[in-house]
Amino acid sequence: MTTTTGKNPQPSREALQAIDQPLSKAALPRWAPWGVLVLSVVVALAVLLPGGTSAGAVAVLAALLHLVLTAAVSGAKEGSRKAKDRVVTALVTIAFLIAMVPLVSVVWTVVSRGAARFDAQFFTWSMQGVIGEGGGGLHAIWGTVVVTLLAALISVPIGLLTAVYLVEYGARSALARAITFLVDVMTGIPSIVAGLFVVALFALVVGPQMRIGLMGAIALSVLMIPTVVRSTEEMLKLVPNDLREAAYALGVPKWRTIVKVVLRTSVSGIATGVTLAVARVAGETAPLLLTLGLTVGTNFNPFEGRMATLPVFAYYQYTQPGVPAQAGVDRAWTAALVLIILVMALNLFARLISRLFAPKGSR
Amino acid sequence: MSKLIDVSDLNIFYGDFLAVEDVNMTIEPRAVTALIGPSGCGKSTFLRSLNRMHEVIPGARVEGKVVMDGQDLYDKDVDPVSVRQHIGMVFQRPNPFPTMSIYENVAAGVRLNAKRMKKSDLDDLVESSLRGANLWNEVKDRLDKPGMGLSGGQQQRLCIARAIAIRPSVLLMDEPCSALDPISTLAVEDLIGELKNEYTIVIVTHNMQQAARVSDQTGFFNLAGVGKPGKLVEIDSTSTIFSNPSQKATEDYISGRFG
């Protein structure tokens, strides 16, 4: 069945020789990038120090100098391809450092200011009867835990089953495409809208001025469901079709195949996705501000009465600190610190889960 | 245990596209039937239609009859799930379940269907299936290790053990050796020779020597051109097909003068 069409064109001998290049070339020593960096910093300091300066200005000038010097030195000695490589490496590193600035700055600020009240009293006291100094965030910690767990309880089954429908049953149907589109739209709705939706819903069904933990959990699950659906969907799509067919060929019904093979194989990814979604909504403020309000005492019952949560607690302690003001501001920072620790713990937990459930062995 | 399958006027579709046209054949019990033919001629599609795995693909459907034991497998009241419990299948690429150990993989047909079975009975089933697949001696000391940790050839034999652990009447094999080295291929071919004492075996292969080595009867599939449906050109005893085929196309394909 193979047919040859004319001659196979061959490049001329001269053209091949032009491509031919020596195998070894001049190279800069290994310490060269660091040398250039030190040089750029020194020059930047020398230029800017006399007129009085800030660390930021020195960093910016040093970075620019570093790029220019790298290009010049490497271009002169090693040729243009190596020079491009070095410049792009430097650019990527600088971009990484810029991305790290806000992260490090936030963590540093919150830790340094939150440390003041990061004591036993903060974890054992609520704000019941506390005016001025002292008091703690126990009620807010419990509120966040209860509301977030309840939100997960609502959104995980819905999200998981939606994803199973989309991948295993819907396939290419119009309904599945519509759901995918709406889920994408839902991913983008502002959290305050979720809060307003729940307030409006409860005002219609139960009556106005309702503030209970369940409302906050529903508002959070509105935000959480799309994330759970998306991450689960991606994980289910990763399960090779071979495994489904292997199960079908053993005479296993479809639903058992989904539960025992597809979900079992992807459980580590799904659990990670769910935990990250929980971590993401745990820090939401706006919808909780609308739906939960704030209390000073600990309330474990999400079906009755207002509940305090860490973000809302931090917001109120900062905006209405009372007298003396510093006590409230300190409590706000500590609440923020506890929230960050909670979210970080959830992230670590997600990694642990994905490690524990991951399929063992490899090809 | 093994059974005869009678296929008559079978047309296999993907949506509106007719993939395989008008197949008539009788698959003999306690024998190996090999299906050969060029790529895309519908051998695998035909094989998958024998245990109703074809319809797993969206839009795929079948017209005609596949009769086993006097029962048309495509009858309205036939449950595809129970068809697959009687007709097992081994795939081209080894596909052990990655979350399961060697033991669990072999026991998957029982465990996934939540059949109740005593631990000692299950142990016996796993051992006899692994022995049946010539794998017992290699894995008996590490049954609790992941199935994915085995070599490719061992994985394929694990999949065969998994398929025969549900005690099917018929075993379908879709190019079971195409991803294996010659030594593993030899192991699987020896295994096929032993298995045919108990099972009806249908094997799709691209390797004509393999078809000649392992099979009792051989069917040759061909297609008239790109976009045309595949057809069963002829089916006869393997020695006849390879020495004295009745069709010119078969002779051309076997002697390598194809196309």
# chains A, B, ... in the order shown; residues from 1 in each chain; ligands from 1

$ closest_atom_pairs --of "chain A" --to "chain B" --cutoff "12 Å" --atoms "only C-alpha atoms" --output "tab-separated table"
residue	atom	partner	partner_atom	distance
A:Met1	CA	B:Gly259	CA	5.2
A:Thr2	CA	B:Gly259	CA	8.8
A:Thr3	CA	B:Gly259	CA	11.2
A:Glu168	CA	B:Pro58	CA	11.0
A:Tyr169	CA	B:Pro58	CA	10.1
A:Gly170	CA	B:Pro58	CA	10.6
A:Ala171	CA	B:Pro58	CA	8.5
A:Arg172	CA	B:Pro58	CA	9.1
A:Ser173	CA	B:Pro58	CA	10.8
A:Val239	CA	B:Pro98	CA	10.2
A:Pro240	CA	B:Asn95	CA	9.3
A:Asn241	CA	B:Asn95	CA	9.8
A:Asp242	CA	B:Asn95	CA	6.2
A:Leu243	CA	B:Asn95	CA	6.3
A:Arg244	CA	B:Phe97	CA	9.5
A:Glu245	CA	B:Met53	CA	7.8
A:Ala246	CA	B:Asn95	CA	6.9
A:Ala247	CA	B:Gly109	CA	7.8
A:Tyr248	CA	B:Arg84	CA	7.3
A:Ala249	CA	B:Arg84	CA	5.6
A:Leu250	CA	B:Gly109	CA	5.5
A:Gly251	CA	B:Gln85	CA	4.4
A:Val252	CA	B:Asn113	CA	5.9
A:Pro253	CA	B:Val81	CA	6.0
A:Lys254	CA	B:Val81	CA	8.7
A:Trp255	CA	B:Leu112	CA	10.5
A:Arg256	CA	B:Leu112	CA	6.8
A:Thr257	CA	B:Leu112	CA	7.6
A:Ile258	CA	B:Leu112	CA	10.5
A:Val259	CA	B:Leu112	CA	9.4
A:Lys260	CA	B:Leu112	CA	6.8
A:Val261	CA	B:Phe97	CA	7.6
A:Val262	CA	B:Phe97	CA	9.8
A:Leu263	CA	B:Thr99	CA	10.6
A:Arg264	CA	B:Thr99	CA	7.3
A:Thr265	CA	B:Thr99	CA	6.0
A:Ser266	CA	B:Thr99	CA	9.4
A:Val267	CA	B:Thr99	CA	10.1
A:Ser268	CA	B:Thr99	CA	10.8
A:Leu356	CA	B:Thr99	CA	11.4
A:Phe357	CA	B:Thr99	CA	8.5
A:Ala358	CA	B:Thr99	CA	7.8
A:Pro359	CA	B:Thr99	CA	4.7
A:Lys360	CA	B:Pro146	CA	6.1
A:Gly361	CA	B:Gly149	CA	4.9
A:Ser362	CA	B:Met148	CA	5.4
A:Arg363	CA	B:Met148	CA	5.9

$ residues_around --residues "Leu39 in chain A" --least-positions-apart "6" --cutoff "9 Å" --atoms "only C-alpha atoms" --output "VMD selection string"
chain A and resid 62 65 to 66

$ write_last_selection --atoms "C-alpha atoms" --output "CSV table (one decimal), in the first residue's frame"
chain,number,residue,atom,x,y,z
A,62,ALA,CA,19.5,45.6,41.4
A,65,LEU,CA,21.0,45.7,36.5
A,66,HIS,CA,21.3,42.0,37.0

$ select_by_dssp --residues "range 270-319 of chain A" --states "helix (DSSP H, G or I)" --output "number ranges by chain"
A: 270-282, 286-291, 310-319

$ residues_around --residues "Val226 in chain B" --least-positions-apart "6" --cutoff "12 Å" --atoms "only C-alpha atoms" --output "tab-separated table (two decimals) with N, CA, C and O atoms, in the first residue's frame"
chain	number	residue	atom	x	y	z
B	19	ALA	N	-19.80	-0.88	11.19
B	19	ALA	CA	-18.38	-1.21	11.36
B	19	ALA	C	-18.08	-2.63	10.88
B	19	ALA	O	-17.05	-2.86	10.26
B	38	PRO	N	-6.33	-7.34	8.90
B	38	PRO	CA	-5.61	-6.07	9.01
B	38	PRO	C	-6.25	-5.15	10.05
B	38	PRO	O	-7.40	-5.37	10.45
B	39	SER	N	-5.52	-4.13	10.47
B	39	SER	CA	-6.04	-3.17	11.45
B	39	SER	C	-7.31	-2.51	10.93
B	39	SER	O	-7.41	-2.20	9.75
B	40	GLY	N	-8.27	-2.31	11.83
B	40	GLY	CA	-9.47	-1.58	11.46
B	40	GLY	C	-10.50	-2.42	10.74
B	40	GLY	O	-11.49	-1.89	10.25
B	41	CYS	N	-10.28	-3.76	10.69
B	41	CYS	CA	-11.24	-4.57	9.94
B	41	CYS	C	-12.37	-5.05	10.84
B	41	CYS	O	-13.29	-5.70	10.37

$ residues_around --residues "Val329 in chain A" --least-positions-apart "5" --cutoff "10 Å" --atoms "only C-alpha atoms" --output "compact mmCIF listing (two decimals) with N, CA, C and O atoms, in the first residue's frame"
# COMPACT_ATOMS: atom_id res chain seq x y z
N ARG A 113 1.92 40.23 64.79
CA ARG A 113 0.90 40.96 65.53
C ARG A 113 -0.07 40.05 66.27
O ARG A 113 -0.65 40.43 67.27
N GLY A 114 -0.25 38.83 65.74
CA GLY A 114 -1.18 37.92 66.38
C GLY A 114 -0.58 37.24 67.59
O GLY A 114 -1.29 36.73 68.45
N ARG A 117 -1.70 38.00 71.55
CA ARG A 117 -2.79 37.36 72.28
C ARG A 117 -2.89 35.87 71.98
O ARG A 117 -3.92 35.25 72.22
N ALA A 314 -12.90 38.59 63.66
CA ALA A 314 -11.75 39.46 63.39
C ALA A 314 -12.21 40.80 62.84
O ALA A 314 -11.73 41.86 63.26
N TYR A 315 -13.20 40.75 61.94
CA TYR A 315 -13.69 41.99 61.32
C TYR A 315 -14.25 42.93 62.38
O TYR A 315 -13.90 44.12 62.42
N TYR A 316 -15.11 42.41 63.27
CA TYR A 316 -15.73 43.27 64.27
C TYR A 316 -14.73 43.75 65.32
O TYR A 316 -14.78 44.88 65.78
N GLN A 317 -13.82 42.86 65.72
CA GLN A 317 -12.83 43.27 66.72
C GLN A 317 -11.95 44.39 66.16
O GLN A 317 -11.47 45.24 66.90
N TYR A 318 -11.75 44.39 64.86
CA TYR A 318 -10.88 45.40 64.26
C TYR A 318 -11.63 46.70 64.03
O TYR A 318 -11.12 47.79 64.27
N THR A 319 -12.90 46.60 63.56
CA THR A 319 -13.64 47.83 63.23
C THR A 319 -14.29 48.45 64.46
O THR A 319 -14.48 49.67 64.53
N GLN A 320 -14.68 47.63 65.44
CA GLN A 320 -15.29 48.18 66.67
C GLN A 320 -14.56 47.62 67.88
O GLN A 320 -15.08 46.79 68.61
N PRO A 321 -13.32 48.07 68.07
CA PRO A 321 -12.47 47.43 69.08
C PRO A 321 -12.89 47.73 70.52
O PRO A 321 -12.47 47.01 71.42
N GLY A 322 -13.69 48.72 70.75
CA GLY A 322 -14.05 49.03 72.14
C GLY A 322 -12.92 49.77 72.84
O GLY A 322 -12.02 50.32 72.20
N PRO A 324 -9.99 49.39 76.05
CA PRO A 324 -9.03 50.08 75.17
C PRO A 324 -8.98 49.43 73.79
O PRO A 324 -9.12 48.21 73.68
N THR A 334 -5.01 37.94 66.33
CA THR A 334 -4.88 36.55 66.76
C THR A 334 -5.92 35.67 66.05
O THR A 334 -5.62 34.55 65.64
N ALA A 335 -7.15 36.21 65.89
CA ALA A 335 -8.18 35.45 65.17
C ALA A 335 -7.70 35.15 63.75
O ALA A 335 -7.87 34.03 63.25

$ select_by_dssp --residues "range 46-94 of chain B" --states "strand (DSSP E or B)" --output "ChimeraX atom specification"
/B:60-68,71-72,87-90

$ write_last_selection --atoms "N, CA, C and O atoms" --output "PDB file, in the first residue's frame"
ATOM      1  N   ALA B  60     -22.994   2.861  20.382  1.00  0.00           N
ATOM      2  CA  ALA B  60     -22.709   1.599  19.717  1.00  0.00           C
ATOM      3  C   ALA B  60     -23.896   0.652  19.843  1.00  0.00           C
ATOM      4  O   ALA B  60     -24.541   0.603  20.887  1.00  0.00           O
ATOM      5  N   ARG B  61     -24.192  -0.091  18.747  1.00  0.00           N
ATOM      6  CA  ARG B  61     -25.303  -1.042  18.824  1.00  0.00           C
ATOM      7  C   ARG B  61     -25.058  -2.201  17.863  1.00  0.00           C
ATOM      8  O   ARG B  61     -24.132  -2.168  17.050  1.00  0.00           O
ATOM      9  N   VAL B  62     -25.911  -3.198  17.987  1.00  0.00           N
ATOM     10  CA  VAL B  62     -25.697  -4.447  17.257  1.00  0.00           C
ATOM     11  C   VAL B  62     -27.028  -4.938  16.711  1.00  0.00           C
ATOM     12  O   VAL B  62     -28.072  -4.777  17.354  1.00  0.00           O
ATOM     13  N   GLU B  63     -27.007  -5.488  15.501  1.00  0.00           N
ATOM     14  CA  GLU B  63     -28.196  -6.160  14.967  1.00  0.00           C
ATOM     15  C   GLU B  63     -27.804  -7.591  14.614  1.00  0.00           C
ATOM     16  O   GLU B  63     -26.691  -7.827  14.158  1.00  0.00           O
ATOM     17  N   GLY B  64     -28.720  -8.509  14.803  1.00  0.00           N
ATOM     18  CA  GLY B  64     -28.426  -9.902  14.483  1.00  0.00           C
ATOM     19  C   GLY B  64     -28.466 -10.767  15.730  1.00  0.00           C
ATOM     20  O   GLY B  64     -28.941 -10.326  16.780  1.00  0.00           O
ATOM     21  N   LYS B  65     -27.983 -11.975  15.600  1.00  0.00           N
ATOM     22  CA  LYS B  65     -28.116 -12.913  16.712  1.00  0.00           C
ATOM     23  C   LYS B  65     -26.774 -13.479  17.143  1.00  0.00           C
ATOM     24  O   LYS B  65     -25.931 -13.806  16.293  1.00  0.00           O
ATOM     25  N   VAL B  66     -26.590 -13.574  18.452  1.00  0.00           N
ATOM     26  CA  VAL B  66     -25.466 -14.311  19.013  1.00  0.00           C
ATOM     27  C   VAL B  66     -26.082 -15.320  19.969  1.00  0.00           C
ATOM     28  O   VAL B  66     -26.583 -14.941  21.031  1.00  0.00           O
ATOM     29  N   VAL B  67     -26.094 -16.580  19.591  1.00  0.00           N
ATOM     30  CA  VAL B  67     -26.822 -17.569  20.388  1.00  0.00           C
ATOM     31  C   VAL B  67     -25.850 -18.458  21.149  1.00  0.00           C
ATOM     32  O   VAL B  67     -24.930 -19.032  20.566  1.00  0.00           O
ATOM     33  N   MET B  68     -26.025 -18.497  22.458  1.00  0.00           N
ATOM     34  CA  MET B  68     -25.242 -19.405  23.285  1.00  0.00           C
ATOM     35  C   MET B  68     -26.234 -20.229  24.096  1.00  0.00           C
ATOM     36  O   MET B  68     -27.110 -19.654  24.741  1.00  0.00           O
ATOM     37  N   GLN B  71     -29.865 -19.518  23.760  1.00  0.00           N
ATOM     38  CA  GLN B  71     -30.349 -18.222  24.238  1.00  0.00           C
ATOM     39  C   GLN B  71     -29.669 -17.106  23.430  1.00  0.00           C
ATOM     40  O   GLN B  71     -28.439 -17.056  23.376  1.00  0.00           O
ATOM     41  N   ASP B  72     -30.473 -16.258  22.794  1.00  0.00           N
ATOM     42  CA  ASP B  72     -29.890 -15.132  22.075  1.00  0.00           C
ATOM     43  C   ASP B  72     -29.411 -14.085  23.077  1.00  0.00           C
ATOM     44  O   ASP B  72     -30.189 -13.574  23.883  1.00  0.00           O
ATOM     45  N   ILE B  87     -19.198 -14.853  29.990  1.00  0.00           N
ATOM     46  CA  ILE B  87     -18.197 -14.714  28.939  1.00  0.00           C
ATOM     47  C   ILE B  87     -17.152 -13.708  29.407  1.00  0.00           C
ATOM     48  O   ILE B  87     -17.391 -12.502  29.430  1.00  0.00           O
ATOM     49  N   GLY B  88     -16.009 -14.196  29.832  1.00  0.00           N
ATOM     50  CA  GLY B  88     -14.962 -13.333  30.363  1.00  0.00           C
ATOM     51  C   GLY B  88     -14.135 -12.718  29.261  1.00  0.00           C
ATOM     52  O   GLY B  88     -14.223 -13.103  28.096  1.00  0.00           O
ATOM     53  N   MET B  89     -13.311 -11.730  29.645  1.00  0.00           N
ATOM     54  CA  MET B  89     -12.551 -11.032  28.617  1.00  0.00           C
ATOM     55  C   MET B  89     -11.180 -10.614  29.148  1.00  0.00           C
ATOM     56  O   MET B  89     -11.031 -10.210  30.294  1.00  0.00           O
ATOM     57  N   VAL B  90     -10.178 -10.731  28.283  1.00  0.00           N
ATOM     58  CA  VAL B  90      -8.828 -10.245  28.598  1.00  0.00           C
ATOM     59  C   VAL B  90      -8.489  -9.199  27.549  1.00  0.00           C
ATOM     60  O   VAL B  90      -8.730  -9.409  26.363  1.00  0.00           O
TER      61      VAL B  90
END

$ residues_around --residues "Ala217 in chain A" --least-positions-apart "2" --cutoff "12 Å" --atoms "only C-alpha atoms" --output "count of residues only"
42

$ atom_distance --atom1 "CA of Thr109 in chain A" --atom2 "CA of Thr53 in chain A"
22.8 Å

$ closest_residue --among "A:Phe202, A:Gly134, A:Met127, A:Ala57" --to "Ala327 in chain A" --atoms "only C-alpha atoms"
A:Gly134

$ residues_around --residues "range 345-350 of chain A" --least-positions-apart "2" --cutoff "10 Å" --atoms "only C-alpha atoms" --output "list in words"
Ser268, Gly269, Ile270, Ala271, Thr272, Gly273, Val274, Thr275, Leu276, Ala277, Val278, Ala279, Arg280, Ala282, Leu339, Ile340, Ile341, Leu342, Val343, Leu352, Ile353, Ser354, Arg355 and Leu356 of chain A

$ write_last_selection --atoms "C-alpha atoms" --output "tab-separated table (two decimals), in the first residue's frame"
chain	number	residue	atom	x	y	z
A	268	SER	CA	-7.21	10.48	47.01
A	269	GLY	CA	-7.63	13.22	44.43
A	270	ILE	CA	-11.25	13.78	45.38
A	271	ALA	CA	-10.43	14.00	49.09
A	272	THR	CA	-7.69	16.50	48.34
A	273	GLY	CA	-10.05	18.59	46.22
A	274	VAL	CA	-12.74	18.55	48.90
A	275	THR	CA	-10.32	19.52	51.67
A	276	LEU	CA	-8.97	22.38	49.62
A	277	ALA	CA	-12.52	23.53	48.92
A	278	VAL	CA	-13.22	23.44	52.68
A	279	ALA	CA	-10.07	25.42	53.35
A	280	ARG	CA	-11.12	27.93	50.73
A	282	ALA	CA	-13.38	28.54	55.86
A	339	LEU	CA	-7.65	31.10	60.84
A	340	ILE	CA	-4.43	30.86	58.82
A	341	ILE	CA	-3.26	27.98	61.03
A	342	LEU	CA	-6.60	26.19	60.57
A	343	VAL	CA	-6.44	26.53	56.79
A	352	LEU	CA	-1.82	13.31	54.10
A	353	ILE	CA	-5.09	11.96	52.68
A	354	SER	CA	-3.79	11.95	49.14
A	355	ARG	CA	-0.67	10.11	50.30
A	356	LEU	CA	-2.69	7.55	52.27

$ closest_residue --among "B:Asp252, B:Glu189, B:Asp124, B:Asp144" --to "Ile160 in chain B" --atoms "only C-alpha atoms"
B:Glu189

$ atom_distance --atom1 "CA of Arg167 in chain B" --atom2 "CA of Ser237 in chain B"
26.9 Å

$ atom_distance --atom1 "CA of Ala46 in chain A" --atom2 "CA of Ala72 in chain A"
20.5 Å
